[in-house]
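Enquirer: Okay, here's the structure, questions in a sec.
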Amino acid sequence: MIELRTPAEIDEMRPAGRFVASVLEATSKAAAVGVNLLELDALAHEMIRKAGAESCYIDYHPSFGASPFGKVICTSVNDAVLHGLPHDYRLKDGDLLSLDFAASVDGWVADSAVSIVVGTPREEDLRLIDTTRRALDAGIAAARPGNRIGDISRAIADVAKAEGLSINTDFGGHGVGRTMHGDPHIPNNGRPGRGLPLKPGLVVAIEPWFLHRTDRIFTDPDGWTLRSVDGSRGAHSEHTVAITDGDPIVLTQRG
């Protein structure tokens, strides 16, 4: 079911967006060589507690998850690109880390993701991260009344294809509101002019993610973490965006 939010409801979603942005800023800053992924999860958990927010992840158990997630933030490292389950791993110099976080504040959800390099970066990793960011910007720019879902998808894909990247469409963007995942699904590749018409009040998470050399993934034995089949590193960028009569509103804008 697709719901359109009133301008007043979109304003009510702003605190959730600001909170999610603040957690990603704090965990990104805390991520350093030697830091354990469980420490990052603990930091996010403490911020949720202090804010009186609710985790969208800890009890989350969709059909593709082996069990309830059990943690509050996704930490995907190197060849892991999505749904990285925090575990006892200390970050190493050069690790490519993707952080994905969603939370509910006063009954409204926001969802966002960012990728960073810990310590000394590889040029190809920085380029991959930049590609996801530019693809996200392109998708947001297409999120306007008069366009369709396919226009967002194609805008994302054009950026990826210009870099020679292949695109997985199994996981992508989605509606956001009272719950973390809702309709519509927004694949990271599609045909312009196709799909659901975009209308003011639609709130979506737009989330391009790409791997260096493949678009094929598999599920780690932990039942959650999605990894590339060939060891390629991955990057992921995401924002919660409200479509309006004018410019789209990025509710999870950082900094």
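Please note that chains go A, B, ... in the order of the structure tokens, that every chain numbers its residues from 1, and that ligands are numbered from 1 in the order shown.
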Determine which residues of stretch 105-193 of chain A receive a DSSP assignment of strand (DSSP E or B), computed from the backbone, and state them as an MDAnalysis selection string.
Expert: chainID A and resid 105 108:117 145 147:148 173:175 182:186
Enquirer: Give the helix (DSSP H, G or I) residues of stretch 7-172 of chain A, as assigned by DSSP on the backbone, as a ChimeraX atom specification.
Expert: /A:7-30,37-51,123-141,149-162
Enquirer: Produce a file of the selected residues containing C-alpha atoms, as a compact mmCIF listing (two decimals), in the first residue's frame.
Expert:
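Okay, this is what ended up in selection-v3.txt:
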# COMPACT_ATOMS: atom_id res chain seq x y z
CA PRO A 7 3.19 18.63 4.40
CA ALA A 8 2.52 18.54 8.15
CA GLU A 9 3.37 14.83 8.31
CA ILE A 10 6.58 15.39 6.36
CA ASP A 11 7.52 18.01 8.95
CA GLU A 12 6.82 15.43 11.65
CA MET A 13 9.31 13.11 9.94
CA ARG A 14 12.15 15.61 10.16
CA PRO A 15 13.25 14.65 13.72
CA ALA A 16 13.65 11.03 12.64
CA GLY A 17 15.72 12.14 9.66
CA ARG A 18 17.95 14.33 11.81
CA PHE A 19 18.43 11.55 14.35
CA VAL A 20 19.36 8.96 11.75
CA ALA A 21 21.82 11.42 10.20
CA SER A 22 23.38 12.10 13.61
CA VAL A 23 23.92 8.39 14.30
CA LEU A 24 25.62 7.87 10.94
CA GLU A 25 27.82 10.90 11.56
CA ALA A 26 28.80 9.60 15.02
CA THR A 27 29.49 6.03 13.93
CA SER A 28 31.41 7.17 10.84
CA LYS A 29 33.58 9.36 13.05
CA ALA A 30 34.11 6.54 15.54
CA LEU A 37 32.07 -3.50 14.78
CA LEU A 38 30.27 -4.38 18.01
CA GLU A 39 31.49 -1.08 19.47
CA LEU A 40 29.86 0.81 16.61
CA ASP A 41 26.62 -1.08 17.23
CA ALA A 42 26.86 -0.27 20.95
CA LEU A 43 27.34 3.43 20.13
CA ALA A 44 24.25 3.46 17.91
CA HIS A 45 22.30 1.54 20.56
CA GLU A 46 23.22 4.09 23.25
CA MET A 47 22.22 6.99 21.00
CA ILE A 48 18.83 5.31 20.41
CA ARG A 49 18.36 4.94 24.16
CA LYS A 50 19.27 8.55 24.95
CA ALA A 51 17.00 9.90 22.20
CA GLU A 123 41.77 4.92 -5.10
CA GLU A 124 39.32 2.43 -6.58
CA ASP A 125 37.35 2.35 -3.33
CA LEU A 126 37.09 6.14 -3.21
CA ARG A 127 35.88 6.13 -6.80
CA LEU A 128 33.25 3.49 -6.04
CA ILE A 129 31.99 5.47 -3.04
CA ASP A 130 31.87 8.63 -5.13
CA THR A 131 29.88 6.79 -7.80
CA THR A 132 27.23 5.72 -5.28
CA ARG A 133 27.01 9.29 -3.98
CA ARG A 134 26.63 10.76 -7.46
CA ALA A 135 24.06 8.11 -8.33
CA LEU A 136 22.13 9.00 -5.17
CA ASP A 137 22.21 12.69 -6.11
CA ALA A 138 20.96 11.83 -9.59
CA GLY A 139 18.14 9.71 -8.19
CA ILE A 140 17.11 12.48 -5.79
CA ALA A 141 17.12 15.03 -8.61
CA ILE A 149 9.80 5.44 -10.48
CA GLY A 150 11.61 4.40 -13.64
CA ASP A 151 13.07 7.88 -13.99
CA ILE A 152 14.73 7.59 -10.57
CA SER A 153 15.98 4.11 -11.45
CA ARG A 154 17.38 5.18 -14.81
CA ALA A 155 19.09 8.25 -13.32
CA ILE A 156 20.90 5.98 -10.85
CA ALA A 157 21.81 3.44 -13.53
CA ASP A 158 23.19 6.06 -15.92
CA VAL A 159 25.81 7.06 -13.33
CA ALA A 160 26.78 3.45 -12.63
CA LYS A 161 26.96 2.44 -16.27
CA ALA A 162 29.16 5.42 -17.09
Enquirer: Can you tell me, as an mmCIF file with N, CA, C and O atoms, in the first residue's frame, what residues are no more than 6 Å from stretch 56-65 of chain A when counting only C-alpha atoms, ignoring any on the same chain fewer than 3 positions away?
Expert:
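Printed below is result.cif as written:
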data_model
loop_
_atom_site.group_PDB
_atom_site.id
_atom_site.type_symbol
_atom_site.label_atom_id
_atom_site.label_comp_id
_atom_site.auth_asym_id
_atom_site.auth_seq_id
_atom_site.Cartn_x
_atom_site.Cartn_y
_atom_site.Cartn_z
ATOM 1 N N PRO A 68 15.700 -12.932 13.585
ATOM 2 C CA PRO A 68 15.681 -11.499 13.880
ATOM 3 C C PRO A 68 17.097 -10.928 13.860
ATOM 4 O O PRO A 68 18.045 -11.584 14.318
ATOM 5 N N PHE A 69 17.251 -9.716 13.335
ATOM 6 C CA PHE A 69 18.579 -9.153 13.100
ATOM 7 C C PHE A 69 19.404 -9.071 14.387
ATOM 8 O O PHE A 69 20.593 -9.377 14.402
ATOM 9 N N GLY A 70 18.793 -8.602 15.461
ATOM 10 C CA GLY A 70 19.445 -8.650 16.761
ATOM 11 C C GLY A 70 20.403 -7.518 17.068
ATOM 12 O O GLY A 70 20.894 -7.406 18.195
ATOM 13 N N LYS A 71 20.709 -6.662 16.107
ATOM 14 C CA LYS A 71 21.573 -5.504 16.293
ATOM 15 C C LYS A 71 20.838 -4.274 15.768
ATOM 16 O O LYS A 71 19.744 -4.384 15.206
ATOM 17 N N VAL A 72 21.433 -3.075 15.919
ATOM 18 C CA VAL A 72 20.700 -1.863 15.573
ATOM 19 C C VAL A 72 21.265 -1.113 14.373
ATOM 20 O O VAL A 72 20.675 -0.132 13.926
ATOM 21 N N ALA A 102 18.472 2.713 10.369
ATOM 22 C CA ALA A 102 17.094 3.209 10.350
ATOM 23 C C ALA A 102 16.554 3.193 11.773
ATOM 24 O O ALA A 102 16.870 2.294 12.560
ATOM 25 N N ALA A 103 15.742 4.186 12.087
ATOM 26 C CA ALA A 103 15.152 4.266 13.414
ATOM 27 C C ALA A 103 13.824 5.003 13.335
ATOM 28 O O ALA A 103 13.554 5.743 12.380
ATOM 29 N N GLY A 223 23.474 -15.583 7.964
ATOM 30 C CA GLY A 223 22.069 -15.502 7.593
ATOM 31 C C GLY A 223 21.598 -14.121 7.195
ATOM 32 O O GLY A 223 20.424 -13.938 6.846
ATOM 33 N N TRP A 224 22.491 -13.140 7.194
ATOM 34 C CA TRP A 224 22.111 -11.759 6.901
ATOM 35 C C TRP A 224 23.042 -11.067 5.911
ATOM 36 O O TRP A 224 22.598 -10.491 4.931
#
Enquirer: For stretch 170-183 of chain A, find every residue with an atom within 8 Å (counting only C-alpha atoms), except residues of its own chain fewer than 4 positions away, and show them as a tab-separated table (two decimals) with N, CA, C and O atoms, in the first residue's frame.
Expert:
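The resulting file, out_21.tsv, is shown below:
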chain	number	residue	atom	x	y	z
A	1	MET	N	0.84	-1.19	0.00
A	1	MET	CA	0.00	0.00	0.00
A	1	MET	C	0.88	1.24	0.00
A	1	MET	O	1.80	1.36	0.81
A	2	ILE	N	0.61	2.16	-0.91
A	2	ILE	CA	1.39	3.39	-1.01
A	2	ILE	C	0.61	4.53	-0.38
A	2	ILE	O	-0.56	4.77	-0.73
A	56	CYS	N	14.73	0.05	14.22
A	56	CYS	CA	13.97	-0.65	13.18
A	56	CYS	C	14.57	-2.01	12.86
A	56	CYS	O	13.97	-2.80	12.12
A	102	ALA	N	18.47	2.71	10.37
A	102	ALA	CA	17.09	3.21	10.35
A	102	ALA	C	16.55	3.19	11.77
A	102	ALA	O	16.87	2.29	12.56
A	103	ALA	N	15.74	4.19	12.09
A	103	ALA	CA	15.15	4.27	13.41
A	103	ALA	C	13.82	5.00	13.33
A	103	ALA	O	13.55	5.74	12.38
A	104	SER	N	13.03	4.79	14.36
A	104	SER	CA	11.73	5.45	14.47
A	104	SER	C	11.77	6.46	15.60
A	104	SER	O	12.22	6.15	16.71
A	107	GLY	N	7.13	7.67	16.14
A	107	GLY	CA	6.31	6.91	15.21
A	107	GLY	C	6.64	7.06	13.75
A	107	GLY	O	6.02	6.42	12.89
A	108	TRP	N	7.65	7.89	13.43
A	108	TRP	CA	8.05	8.08	12.03
A	108	TRP	C	9.45	7.52	11.81
A	108	TRP	O	10.34	7.70	12.64
A	109	VAL	N	9.65	6.89	10.66
A	109	VAL	CA	10.92	6.21	10.35
A	109	VAL	C	11.72	7.00	9.34
A	109	VAL	O	11.17	7.61	8.41
A	110	ALA	N	13.03	6.98	9.50
A	110	ALA	CA	13.97	7.46	8.48
A	110	ALA	C	15.05	6.40	8.31
A	110	ALA	O	15.35	5.64	9.24
A	111	ASP	N	15.64	6.37	7.12
A	111	ASP	CA	16.58	5.32	6.75
A	111	ASP	C	17.68	5.94	5.90
A	111	ASP	O	17.40	6.71	4.97
A	187	PRO	N	14.08	0.01	-7.89
A	187	PRO	CA	15.30	-0.67	-8.33
A	187	PRO	C	16.35	0.34	-8.79
A	187	PRO	O	16.01	1.47	-9.16
A	188	ASN	N	17.59	-0.07	-8.78
A	188	ASN	CA	18.68	0.82	-9.19
A	188	ASN	C	18.96	0.78	-10.69
A	188	ASN	O	19.98	1.30	-11.16
A	202	LEU	N	4.87	11.58	-1.42
A	202	LEU	CA	5.52	10.27	-1.42
A	202	LEU	C	6.88	10.38	-0.75
A	202	LEU	O	7.68	11.25	-1.11
A	203	VAL	N	7.14	9.55	0.23
A	203	VAL	CA	8.43	9.55	0.94
A	203	VAL	C	9.11	8.22	0.68
A	203	VAL	O	8.52	7.15	0.93
A	204	VAL	N	10.33	8.28	0.18
A	204	VAL	CA	11.04	7.07	-0.21
A	204	VAL	C	12.49	7.11	0.26
A	204	VAL	O	13.06	8.19	0.47
A	205	ALA	N	13.05	5.93	0.43
A	205	ALA	CA	14.49	5.80	0.62
A	205	ALA	C	15.09	5.42	-0.73
A	205	ALA	O	14.68	4.43	-1.33
A	206	ILE	N	16.00	6.23	-1.22
A	206	ILE	CA	16.69	5.98	-2.48
A	206	ILE	C	18.08	5.48	-2.11
A	206	ILE	O	18.80	6.14	-1.36
A	207	GLU	N	18.48	4.29	-2.65
A	207	GLU	CA	19.74	3.71	-2.16
A	207	GLU	C	20.52	2.95	-3.21
A	207	GLU	O	20.45	1.72	-3.30
A	208	PRO	N	21.31	3.65	-3.99
A	208	PRO	CA	22.22	2.95	-4.90
A	208	PRO	C	23.33	2.22	-4.14
A	208	PRO	O	23.88	2.75	-3.18
A	209	TRP	N	23.62	1.01	-4.58
A	209	TRP	CA	24.76	0.25	-4.06
A	209	TRP	C	25.37	-0.52	-5.22
A	209	TRP	O	24.67	-1.05	-6.07
A	240	THR	N	16.65	9.25	2.91
A	240	THR	CA	15.19	9.32	2.92
A	240	THR	C	14.77	10.65	2.33
A	240	THR	O	15.24	11.70	2.78
Enquirer: Skipping near chain neighbours, those fewer than 6 positions away, what residues fall within 6 Å of stretch 73-86 of chain A using only C-alpha atoms, listed as a list of chain:residue names?
Expert: A:Leu37, A:Leu38, A:Asp41, A:Leu96, A:Leu97, A:Ser98, A:Leu99, A:Asp100, A:Phe101, A:Trp224, A:Thr225, A:Leu226, A:Arg227, A:Ser228, A:Gly231, A:Ser232, A:Arg233, A:Gly234
Enquirer: From the set A:Val114, A:Val250, A:Ala143, A:Val105, which residue has the shortest atom-to-atom contact distance to A:Leu196, counting only C-alpha atoms?
Expert: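 Using only C-alpha atoms, the shortest distance to A:Leu196 belongs to A:Ala143.
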Enquirer: What does the structure give for the distance between atom CA of A:Ser166 and atom CA of A:His236, in Å to one decimal?
Expert: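 Taking atom CA of A:Ser166 and atom CA of A:His236, their separation equals 14.2 Å.
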Enquirer: Ranking A:His212, A:Lys92, A:Arg144, A:Arg191 by minimum distance to A:Asp245 and counting only C-alpha atoms, which one comes first?
Expert: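 Going through A:His212, A:Lys92, A:Arg144, A:Arg191 one by one, the smallest distance to A:Asp245 is for A:Arg144.
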Enquirer: Pick out the closest residue to A:Ile167 from this set: A:Ile186, A:Leu211, A:Val118, A:Leu91. Count only C-alpha atoms.
Expert: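 Nearest candidate to A:Ile167 out of A:Ile186, A:Leu211, A:Val118, A:Leu91: A:Leu211.
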Enquirer: I'd like to know which of A:Phe210, A:Ile116, A:Gly190, A:Gly94 is closest to A:Arg148, using only C-alpha atoms.
Expert: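 Of A:Phe210, A:Ile116, A:Gly190, A:Gly94, the one nearest A:Arg148, counting only C-alpha atoms, is A:Gly190.
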Enquirer: Find the distance between atom CA of A:Gly119 and atom CA of A:Arg90 and write it in Å to one decimal.
Expert: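 Separation of atom CA of A:Gly119 and atom CA of A:Arg90: 12.7 Å.
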Enquirer: Using only C-alpha atoms, which of A:Glu238, A:Asp230, A:Asp220, A:Glu163 sits nearest A:Ala66?
Expert: A:Asp220
